$ cat model30.cif   # mmCIF, C-alpha atoms
data_input
#
loop_
_atom_site.label_atom_id
_atom_site.label_comp_id
_atom_site.auth_asym_id
_atom_site.auth_seq_id
_atom_site.Cartn_x
_atom_site.Cartn_y
_atom_site.Cartn_z
CA MET N 1 -9.23 26.10 -136.01
CA VAL N 2 -8.87 24.70 -139.50
CA VAL N 3 -5.62 26.61 -140.00
CA VAL N 4 -4.27 25.46 -136.63
CA GLY N 5 -5.24 21.88 -137.46
CA LEU N 6 -3.59 22.05 -140.86
CA LEU N 7 -0.42 23.56 -139.44
CA SER N 8 -0.29 20.96 -136.66
CA SER N 9 -0.67 18.07 -139.09
CA LEU N 10 1.99 19.56 -141.36
CA ALA N 11 4.34 20.00 -138.40
CA LEU N 12 3.68 16.44 -137.24
CA THR N 13 4.40 14.95 -140.63
CA ALA N 14 7.50 17.13 -141.00
CA LEU N 15 9.03 16.08 -137.68
CA PRO N 16 10.59 12.79 -138.93
CA ALA N 17 11.86 14.60 -142.02
CA TYR N 18 13.40 17.29 -139.82
CA ARG N 19 15.14 14.63 -137.74
CA THR N 20 16.53 13.04 -140.88
CA TYR N 21 17.83 16.40 -142.07
CA GLN N 22 19.38 17.02 -138.68
CA GLN N 23 21.00 13.56 -138.69
CA ARG N 24 22.28 14.06 -142.20
CA ALA N 25 23.73 17.47 -141.46
CA TYR N 26 25.38 16.69 -138.14
CA GLY N 27 26.32 13.10 -139.06
CA SER N 28 28.12 14.35 -142.17
CA GLN N 29 29.75 17.12 -140.17
CA ALA N 30 30.94 14.62 -137.55
CA ILE N 31 32.43 12.33 -140.23
CA ALA N 32 34.12 15.22 -142.06
CA ILE N 33 35.64 16.77 -138.92
CA GLY N 34 36.57 13.34 -137.55
CA LYS N 35 38.57 12.57 -140.69
CA ARG N 36 40.31 15.94 -140.62
CA LEU N 37 41.14 15.45 -136.96
CA TYR N 38 42.63 11.98 -137.27
CA GLU N 39 44.64 12.99 -140.32
CA ALA N 40 45.96 16.00 -138.42
CA GLU N 41 46.79 13.76 -135.45
CA ILE N 42 48.73 11.37 -137.68
CA ILE N 43 50.66 14.26 -139.21
CA HIS N 44 51.36 15.60 -135.71
CA TYR N 45 52.64 12.17 -134.64
CA LEU N 46 54.87 11.88 -137.70
CA GLU N 47 56.36 15.31 -137.02
CA ASN N 48 56.66 15.11 -133.22
CA ASP N 49 56.58 11.39 -132.32
CA GLN N 50 53.63 12.23 -130.13
CA PHE N 51 49.93 12.70 -130.55
CA TYR N 52 48.27 15.95 -129.54
CA PRO N 53 47.71 16.82 -126.71
CA VAL N 54 51.26 15.92 -125.76
CA ASP N 55 50.31 15.99 -122.09
CA SER N 56 48.25 12.83 -121.88
CA SER N 57 46.70 13.85 -118.57
CA LYS N 58 44.91 16.59 -120.45
CA THR N 59 41.59 16.08 -122.19
CA ILE N 60 40.64 18.25 -125.13
CA PHE N 61 36.93 18.86 -124.66
CA ILE N 62 34.95 21.15 -126.93
CA PRO N 63 31.31 21.59 -125.96
CA PRO N 64 28.78 22.84 -128.48
CA GLY N 65 27.51 26.40 -128.42
CA VAL N 66 26.63 29.33 -130.57
CA SER N 67 29.24 31.61 -129.04
CA PRO N 68 32.34 29.94 -127.60
CA THR N 69 33.46 30.63 -124.05
CA ALA N 70 36.94 31.95 -123.39
CA VAL N 71 38.11 28.44 -122.46
CA THR N 72 36.68 26.93 -125.65
CA GLN N 73 38.22 29.71 -127.74
CA GLN N 74 41.59 28.97 -126.16
CA VAL N 75 41.21 25.23 -126.84
CA LEU N 76 40.25 25.89 -130.47
CA GLN N 77 43.24 28.18 -130.87
CA GLU N 78 45.56 25.55 -129.38
CA ILE N 79 44.21 22.97 -131.83
CA LYS N 80 44.76 25.40 -134.67
CA ASP N 81 48.33 26.07 -133.53
CA ASN N 82 49.22 22.43 -132.98
CA LEU N 83 47.17 20.46 -135.50
CA ASP N 84 46.83 23.21 -138.07
CA ILE N 85 43.09 22.76 -138.48
CA SER N 86 40.15 24.93 -137.56
CA ILE N 87 37.27 23.15 -135.93
CA PRO N 88 34.01 24.97 -136.58
CA LEU N 89 32.09 25.34 -133.35
CA SER N 90 28.98 23.26 -133.74
CA ARG N 91 25.55 24.04 -132.39
CA HIS N 92 25.10 20.47 -131.17
CA LEU N 93 28.30 18.45 -131.55
CA PHE N 94 30.77 17.73 -128.78
CA TYR N 95 34.42 16.91 -129.51
CA GLN N 96 36.88 15.15 -127.27
CA ILE N 97 40.50 14.15 -127.88
CA ASN N 98 42.53 12.01 -125.52
CA THR N 99 46.00 10.67 -125.90
CA GLY N 100 47.94 8.15 -123.89
CA ASP N 101 51.12 6.24 -123.76
CA ALA N 102 50.01 3.56 -121.39
CA ASN N 103 51.64 0.16 -121.73
CA ALA N 104 54.29 1.61 -124.04
CA ASP N 105 51.67 2.00 -126.70
CA GLN N 106 50.93 5.49 -127.80
CA TRP N 107 47.39 6.09 -128.90
CA CYS N 108 44.99 8.85 -129.63
CA GLN N 109 41.28 8.74 -129.29
CA ILE N 110 38.89 11.16 -130.97
CA ARG N 111 35.26 11.18 -130.06
CA ILE N 112 32.54 13.26 -131.66
CA TRP N 113 29.01 13.02 -130.44
CA GLY N 114 25.70 14.82 -130.31
CA PRO N 115 22.58 14.83 -128.16
CA PHE N 116 20.58 13.01 -130.87
CA SER N 117 21.24 10.16 -133.27
CA LEU N 118 23.68 11.09 -136.01
CA PHE N 119 23.56 7.96 -138.12
CA LYS N 120 21.12 5.60 -139.72
CA THR N 121 21.78 3.00 -137.04
CA GLY N 122 20.70 5.38 -134.29
CA ARG N 123 24.22 5.90 -132.93
CA ASN N 124 24.87 9.40 -131.65
CA ASP N 125 28.65 9.18 -131.55
CA LEU N 126 31.72 8.47 -133.61
CA ASN N 127 34.91 7.17 -132.01
CA TYR N 128 38.26 7.01 -133.73
CA SER N 129 41.13 5.21 -132.09
CA ILE N 130 44.54 5.80 -133.68
CA SER N 131 47.56 3.70 -132.81
CA LYS N 132 51.17 4.82 -133.22
CA ASP N 133 51.54 2.75 -136.39
CA GLY N 134 48.72 4.78 -137.94
CA LYS N 135 46.01 2.17 -137.63
CA ILE N 136 42.62 3.84 -137.37
CA THR N 137 39.80 1.94 -135.76
CA VAL N 138 36.30 3.34 -135.78
CA PHE N 139 34.06 2.35 -132.91
CA MET B 1 -77.70 40.67 -176.06
CA GLN B 2 -76.92 43.56 -173.73
CA CYS B 3 -73.67 44.46 -172.00
CA LYS B 4 -73.45 43.12 -168.45
CA ASN B 5 -72.34 46.50 -167.08
CA HIS B 6 -74.47 48.71 -169.40
CA PRO B 7 -77.92 47.16 -169.95
CA ASP B 8 -78.84 49.86 -172.46
CA GLU B 9 -75.80 49.06 -174.66
CA PRO B 10 -75.69 46.08 -177.01
CA ALA B 11 -72.92 43.50 -176.34
CA THR B 12 -70.28 43.35 -179.05
CA GLN B 13 -67.74 40.93 -177.41
CA PHE B 14 -67.60 38.12 -174.85
CA CYS B 15 -64.93 37.86 -172.16
CA GLU B 16 -62.63 34.94 -173.04
CA GLU B 17 -62.34 33.95 -169.44
CA CYS B 18 -65.77 34.34 -167.84
CA ARG B 19 -67.79 34.53 -171.06
CA VAL B 20 -69.85 37.60 -169.96
CA PRO B 21 -71.23 39.88 -172.71
CA LEU B 22 -69.43 43.19 -173.00
CA CYS B 23 -70.04 46.44 -174.89
CA ASP B 24 -67.25 48.27 -176.75
CA ASP B 25 -66.45 50.35 -173.66
CA CYS B 26 -66.16 47.36 -171.31
CA ALA B 27 -64.24 44.94 -173.57
CA GLU B 28 -60.50 45.12 -172.83
CA GLU B 29 -58.35 44.01 -175.77
CA ILE B 30 -55.30 42.54 -174.03
CA GLU B 31 -53.86 41.17 -177.26
CA PRO B 32 -55.06 41.76 -180.83
CA GLY B 33 -58.41 39.90 -181.24
CA ARG B 34 -58.55 38.78 -177.57
CA TYR B 35 -61.08 40.52 -175.30
CA TYR B 36 -61.42 40.28 -171.53
CA CYS B 37 -63.72 41.94 -169.03
CA PHE B 38 -61.99 44.43 -166.73
CA LYS B 39 -61.77 41.97 -163.82
CA CYS B 40 -60.36 39.09 -165.87
CA ALA B 41 -57.97 41.45 -167.65
CA MET B 42 -56.60 42.61 -164.27
CA ILE B 43 -56.22 39.03 -163.01
CA SER B 44 -54.46 38.00 -166.21
CA SER B 45 -52.15 41.00 -166.04
CA VAL B 46 -51.11 40.35 -162.43
CA SER B 47 -50.55 36.66 -163.16
CA ALA B 48 -48.38 37.52 -166.17
CA VAL B 49 -46.26 39.88 -164.06
CA GLY B 50 -45.86 37.18 -161.42
CA THR B 51 -44.67 34.66 -163.96
CA THR B 52 -42.20 37.14 -165.41
CA MET B 53 -40.74 37.92 -162.01
CA GLN B 54 -40.36 34.22 -161.23
CA ASP B 55 -38.68 33.64 -164.59
CA LYS B 56 -36.34 36.52 -163.91
CA ARG B 57 -35.41 35.16 -160.51
CA GLU B 58 -34.75 31.72 -161.96
CA ARG B 59 -32.60 33.22 -164.69
CA VAL B 60 -30.55 35.23 -162.18
CA ALA B 61 -30.03 32.12 -160.06
CA GLU B 62 -28.91 30.16 -163.13
CA GLU B 63 -26.45 32.91 -164.04
CA LYS B 64 -25.06 32.87 -160.54
CA GLU B 65 -24.61 29.10 -160.72
CA LYS B 66 -22.81 29.44 -164.02
CA VAL B 67 -20.48 32.10 -162.58
CA LYS B 68 -19.85 29.87 -159.62
CA LYS B 69 -19.03 26.90 -161.81
CA ARG B 70 -16.71 28.86 -164.07
CA LEU B 71 -13.04 28.63 -162.93
CA THR B 72 -11.37 31.98 -162.65
CA ALA B 73 -7.65 32.77 -162.71
CA PHE B 74 -7.71 32.86 -158.92
CA HIS B 75 -9.06 29.30 -158.83
CA TYR B 76 -6.31 28.13 -161.16
CA PHE B 77 -3.73 29.92 -159.02
CA ILE B 78 -5.01 28.19 -155.87
CA ILE B 79 -5.03 24.77 -157.56
CA VAL B 80 -1.53 25.14 -159.03
CA SER B 81 -0.01 26.47 -155.79
CA SER B 82 -1.66 23.69 -153.76
CA ALA B 83 -0.24 21.13 -156.16
CA LEU B 84 3.21 22.72 -155.87
CA ILE B 85 3.04 22.81 -152.07
CA LEU B 86 2.00 19.15 -151.99
CA ALA B 87 4.82 18.21 -154.37
CA MET B 88 7.37 20.08 -152.24
CA TRP B 89 6.02 18.48 -149.12
CA GLY B 90 6.29 15.08 -150.73
CA PHE B 91 9.89 15.81 -151.63
CA ILE B 92 10.65 16.97 -148.09
CA LEU B 93 9.11 13.84 -146.61
CA PHE B 94 10.26 11.19 -149.04
CA GLY B 95 12.74 12.67 -151.48
CA GLY B 96 15.73 13.63 -149.31
CA GLN B 97 18.91 11.68 -148.87
CA PRO B 98 19.04 9.28 -145.93
CA PRO B 99 21.27 10.01 -142.93
CA PRO B 100 24.90 8.87 -143.26
CA GLU B 101 25.86 5.30 -142.55
CA PHE B 102 27.72 4.68 -139.32
CA GLU B 103 31.32 3.97 -140.22
CA GLY B 104 32.15 1.98 -137.12
CA ARG B 105 32.81 -1.68 -137.68
CA MET B 106 34.32 -2.59 -134.30
CA ASP B 107 32.32 -3.61 -131.28
CA ILE B 108 32.87 -1.28 -128.35
CA ALA B 109 33.07 -4.30 -126.04
CA SER B 110 36.34 -5.32 -127.71
CA ASN B 111 38.21 -2.30 -126.34
CA THR B 112 37.71 -1.29 -122.73
CA ARG B 113 39.95 1.77 -123.08
CA VAL B 114 37.71 3.18 -125.81
CA LEU B 115 34.70 2.40 -123.63
CA LEU B 116 36.36 4.16 -120.70
CA PHE B 117 36.91 7.38 -122.63
CA MET B 118 33.52 7.11 -124.27
CA VAL B 119 31.87 6.99 -120.84
CA ASP B 120 34.10 9.85 -119.70
CA SER B 121 32.89 12.02 -122.57
CA GLY B 122 29.33 11.04 -121.66
CA ILE B 123 29.97 12.23 -118.09
CA LYS B 124 31.45 15.48 -119.40
CA SER B 125 28.47 16.17 -121.66
CA TYR B 126 26.13 15.30 -118.75
CA ALA B 127 27.98 17.88 -116.60
CA HIS B 128 27.84 20.40 -119.44
CA ALA B 129 24.09 19.98 -119.87
CA GLU B 130 23.14 19.61 -116.20
CA GLY B 131 25.07 22.55 -114.80
CA ASN B 132 28.32 20.91 -113.64
CA THR B 133 26.68 18.10 -111.74
CA TYR B 134 27.67 14.50 -112.26
CA PRO B 135 25.46 11.44 -112.59
CA GLU B 136 24.84 9.25 -109.56
CA LYS B 137 25.52 6.11 -111.58
CA LEU B 138 26.70 5.38 -115.10
CA PRO B 139 23.40 4.02 -116.51
CA ASP B 140 21.95 7.52 -115.92
CA LEU B 141 23.94 8.60 -118.96
CA ILE B 142 22.00 6.33 -121.31
CA PRO B 143 20.67 7.14 -123.86
CA LYS B 144 21.03 10.92 -124.03
CA TYR B 145 24.70 11.20 -123.13
CA LEU B 146 25.93 7.71 -123.93
CA SER B 147 24.96 5.77 -127.02
CA LEU B 148 24.63 2.25 -125.71
CA GLY B 149 21.81 -0.07 -126.63
CA ALA B 150 19.69 -1.90 -124.05
CA GLY B 151 21.77 -5.02 -124.59
CA GLN B 152 25.03 -3.17 -123.96
CA VAL B 153 24.33 -1.70 -120.51
CA HIS B 154 26.20 -4.62 -118.93
CA LEU B 155 29.40 -3.26 -120.55
CA LEU B 156 29.42 -0.54 -117.91
CA GLU B 157 30.11 -3.19 -115.29
CA VAL B 158 33.76 -3.27 -116.34
CA LEU B 159 34.08 0.33 -115.18
CA SER B 160 34.36 1.73 -111.72
CA TYR B 161 32.66 5.07 -111.17
CA ARG B 162 32.03 7.19 -108.13
CA LYS B 163 31.28 10.80 -107.46
CA ASN B 164 34.10 12.55 -105.72
CA PRO B 165 33.51 15.82 -103.83
CA GLU B 166 37.05 17.01 -104.57
CA THR B 167 37.58 16.04 -108.19
CA GLY B 168 33.95 15.78 -109.27
CA TYR B 169 34.10 12.12 -110.21
CA GLN B 170 36.51 9.26 -110.59
CA LEU B 171 36.30 6.77 -113.42
CA SER B 172 38.55 3.82 -114.07
CA LEU B 173 38.54 0.20 -115.13
CA ALA B 174 37.04 -1.94 -112.38
CA HIS B 175 39.29 -4.93 -113.00
CA PRO B 176 42.39 -3.92 -114.97
CA LYS B 177 44.62 -6.67 -116.23
CA PRO B 178 47.62 -7.17 -113.92
CA GLU B 179 50.14 -6.06 -116.54
CA GLU B 180 48.05 -3.09 -117.72
CA MET B 181 48.55 0.51 -116.72
CA GLN B 182 45.53 1.78 -114.82
CA ILE B 183 43.82 4.87 -116.22
CA ILE B 184 41.99 7.00 -113.68
CA ILE B 185 39.90 9.80 -115.14
CA SER B 186 38.47 12.68 -113.16
CA ALA B 187 37.21 16.17 -113.95
CA ASP B 188 40.74 17.43 -113.21
CA GLY B 189 42.47 15.23 -115.74
CA ILE B 190 43.78 11.74 -116.36
CA GLN B 191 46.18 9.82 -114.16
CA TYR B 192 48.13 6.79 -115.28
CA GLN B 193 49.17 4.29 -112.66
CA LEU B 194 51.72 1.56 -113.18
CA PRO B 195 50.59 -1.94 -112.23
CA SER B 196 52.72 -1.60 -109.08
CA GLY B 197 50.55 1.33 -108.00
CA GLU B 198 53.14 4.01 -108.81
CA GLU B 199 52.07 7.00 -110.82
CA ALA B 200 53.42 6.91 -114.37
#
$ encode --input "model30.cif" --output "structure tokens"
Amino acid sequence: MVVVGLLSSLALTALPAYRTYQQRAYGSQAIAIGKRLYEAEIIHYLENDQFYPVDSSKTIFIPPGVSPTAVTQQVLQEIKDNLDISIPLSRHLFYQINTGDANADQWCQIRIWGPFSLFKTGRNDLNYSISKDGKITVF
Amino acid sequence: MQCKNHPDEPATQFCEECRVPLCDDCAEEIEPGRYYCFKCAMISSVSAVGTTMQDKRERVAEEKEKVKKRLTAFHYFIIVSSALILAMWGFILFGGQPPPEFEGRMDIASNTRVLLFMVDSGIKSYAHAEGNTYPEKLPDLIPKYLSLGAGQVHLLEVLSYRKNPETGYQLSLAHPKPEEMQIIISADGIQYQLPSGEEA
């Protein structure tokens, strides 16, 4: 009973610390991959006059998972072929890329999010909006 | 004076305890120069043994106490490892770096397109987690699938959402500006409609 009590109290006190570690790990990963993605998108635009995916009706959606499905593997390979970056499949992070040319304004939107808060503020997502003139806005 | 036990023998000593006269045969010399009768000598002997045993017991108990109080290498090991565990625990709880700062500086309300795609990704993660089902209404996404605070739920009012048996769902701006291209998102993909209603 004493051992169980001690272990429970240790686990309880460690829970907030574990959350902080999780936030730190996945928040940093989201920021790092987000930066690599928007830089790759800008390079793609400079080379092709279009953001990736070129077909703006298509959404690039990468769900988290330990082992990627065939669809996810194909999406990751397409990103590697077109943006020349490898996105490590995360255990918890989702990735989404959308492009558009609505209103004669080409844009690209990258969103990375997780099922728990990733940042100090409690936000669980990171949104980058890139305009054709290379302006990056973080929402 | 005659011996108490042998009336025909003259007494040579007196018992130190009971003071009875004793002959040479009856006087018991328990220590040099000290004489007791047989009975008193026996009582004295038993009492002395009892005292010795008690002393011995007390001494053993004292030794045990001393051994108990003495810190062995094992005790030092336990104390040092406990201190180390506590120090590590303290570092885990209070010593780590804080989570990263959120980089975003723009308010999501300032860009409905970003909000639209943000909600779309929330719907997609909802479908991913809930086995390809879609939420009945957009507020169902908060907070697990959509990071909006309590004061930001009203932002969802600018969006139009409905479940669609064919395409899964349909999401768009509820009141697009007249000159703006309408973006309609479904599970199948994204459609762009010109303000005139034509597909782009």
$ closest_atom_pairs --input "model30.cif" --of "chain N" --to "chain B" --cutoff "7 Å" --atoms "all atoms listed in the file" --output "tab-separated table"
residue	atom	partner	partner_atom	distance
N:Ala14	CA	B:Leu93	CA	6.7
N:Ala17	CA	B:Leu93	CA	5.4
N:Thr20	CA	B:Pro99	CA	6.0
N:Gln23	CA	B:Pro99	CA	5.5
N:Arg24	CA	B:Pro99	CA	4.2
N:Gly27	CA	B:Pro100	CA	6.1
N:Ser28	CA	B:Pro100	CA	6.4
N:Ser57	CA	B:Ile190	CA	4.2
N:Lys58	CA	B:Gly189	CA	5.5
N:Thr59	CA	B:Gly189	CA	6.6
N:Gln96	CA	B:Ser121	CA	6.9
N:Ala102	CA	B:Met181	CA	5.8
N:Asn103	CA	B:Met181	CA	5.9
N:Pro115	CA	B:Lys144	CA	5.9
N:Phe119	CA	B:Pro100	CA	5.4
N:Lys120	CA	B:Pro99	CA	5.5
N:Thr121	CA	B:Phe102	CA	6.6
N:Arg123	CA	B:Ser147	CA	6.0
N:Asn124	CA	B:Ser147	CA	5.9
N:Asp125	CA	B:Ser147	CA	6.8
N:Val138	CA	B:Gly104	CA	4.6
N:Phe139	CA	B:Gly104	CA	4.6
$ atom_distance --input "model30.cif" --atom1 "CA of His175 in chain B" --atom2 "CA of Leu159 in chain B"
7.7 Å
$ residues_near_point --input "model30.cif" --point "(42.4, 17.9, -137.5)" --cutoff "8 Å" --atoms "all atoms listed in the file" --output "list in words"
Ile33, Gly34, Lys35, Arg36, Leu37, Tyr38, Glu39, Ala40, Glu41, Ile79, Leu83, Asp84, Ile85, Ser86 and Ile87 of chain N
$ residues_around --input "model30.cif" --residues "range 30-47 of chain B" --least-positions-apart "2" --cutoff "9 Å" --atoms "all atoms listed in the file" --output "list in words"
Gln13, Phe14, Cys15, Glu16, Glu17, Cys18, Arg19, Val20, Pro21, Leu22, Cys26, Ala27, Glu28, Val49, Gly50, Thr51 and Thr52 of chain B
$ closest_residue --input "model30.cif" --among "N:Asp55, N:Val4, N:Lys80, N:Leu89" --to "Pro68 in chain N" --atoms "all atoms listed in the file"
N:Leu89
$ atom_distance --input "model30.cif" --atom1 "CA of Val119 in chain B" --atom2 "CA of Lys135 in chain N"
22.5 Å
$ atom_distance --input "model30.cif" --atom1 "CA of Ala70 in chain N" --atom2 "CA of Glu130 in chain B"
19.9 Å
$ resolve_selection --input "model30.cif" --expression "the PyMOL selection byres ((chain N and resi 130) around 9)" --output "PyMOL selection string"
chain N and resi 38+41-42+106-110+128-129+131-138
$ resolve_selection --input "model30.cif" --expression "the PyMOL selection byres ((chain B and resi 9) around 12)" --output "PDB file with C-alpha atoms, keeping the file's coordinate frame"
ATOM      1  CA  MET B   1     -77.700  40.670-176.060  1.00  0.00           C
ATOM      2  CA  GLN B   2     -76.920  43.560-173.730  1.00  0.00           C
ATOM      3  CA  CYS B   3     -73.670  44.460-172.000  1.00  0.00           C
ATOM      4  CA  LYS B   4     -73.450  43.120-168.450  1.00  0.00           C
ATOM      5  CA  ASN B   5     -72.340  46.500-167.080  1.00  0.00           C
ATOM      6  CA  HIS B   6     -74.470  48.710-169.400  1.00  0.00           C
ATOM      7  CA  PRO B   7     -77.920  47.160-169.950  1.00  0.00           C
ATOM      8  CA  ASP B   8     -78.840  49.860-172.460  1.00  0.00           C
ATOM      9  CA  PRO B  10     -75.690  46.080-177.010  1.00  0.00           C
ATOM     10  CA  ALA B  11     -72.920  43.500-176.340  1.00  0.00           C
ATOM     11  CA  THR B  12     -70.280  43.350-179.050  1.00  0.00           C
ATOM     12  CA  GLN B  13     -67.740  40.930-177.410  1.00  0.00           C
ATOM     13  CA  PRO B  21     -71.230  39.880-172.710  1.00  0.00           C
ATOM     14  CA  LEU B  22     -69.430  43.190-173.000  1.00  0.00           C
ATOM     15  CA  CYS B  23     -70.040  46.440-174.890  1.00  0.00           C
ATOM     16  CA  ASP B  24     -67.250  48.270-176.750  1.00  0.00           C
ATOM     17  CA  ASP B  25     -66.450  50.350-173.660  1.00  0.00           C
ATOM     18  CA  CYS B  26     -66.160  47.360-171.310  1.00  0.00           C
TER      19      CYS B  26
END
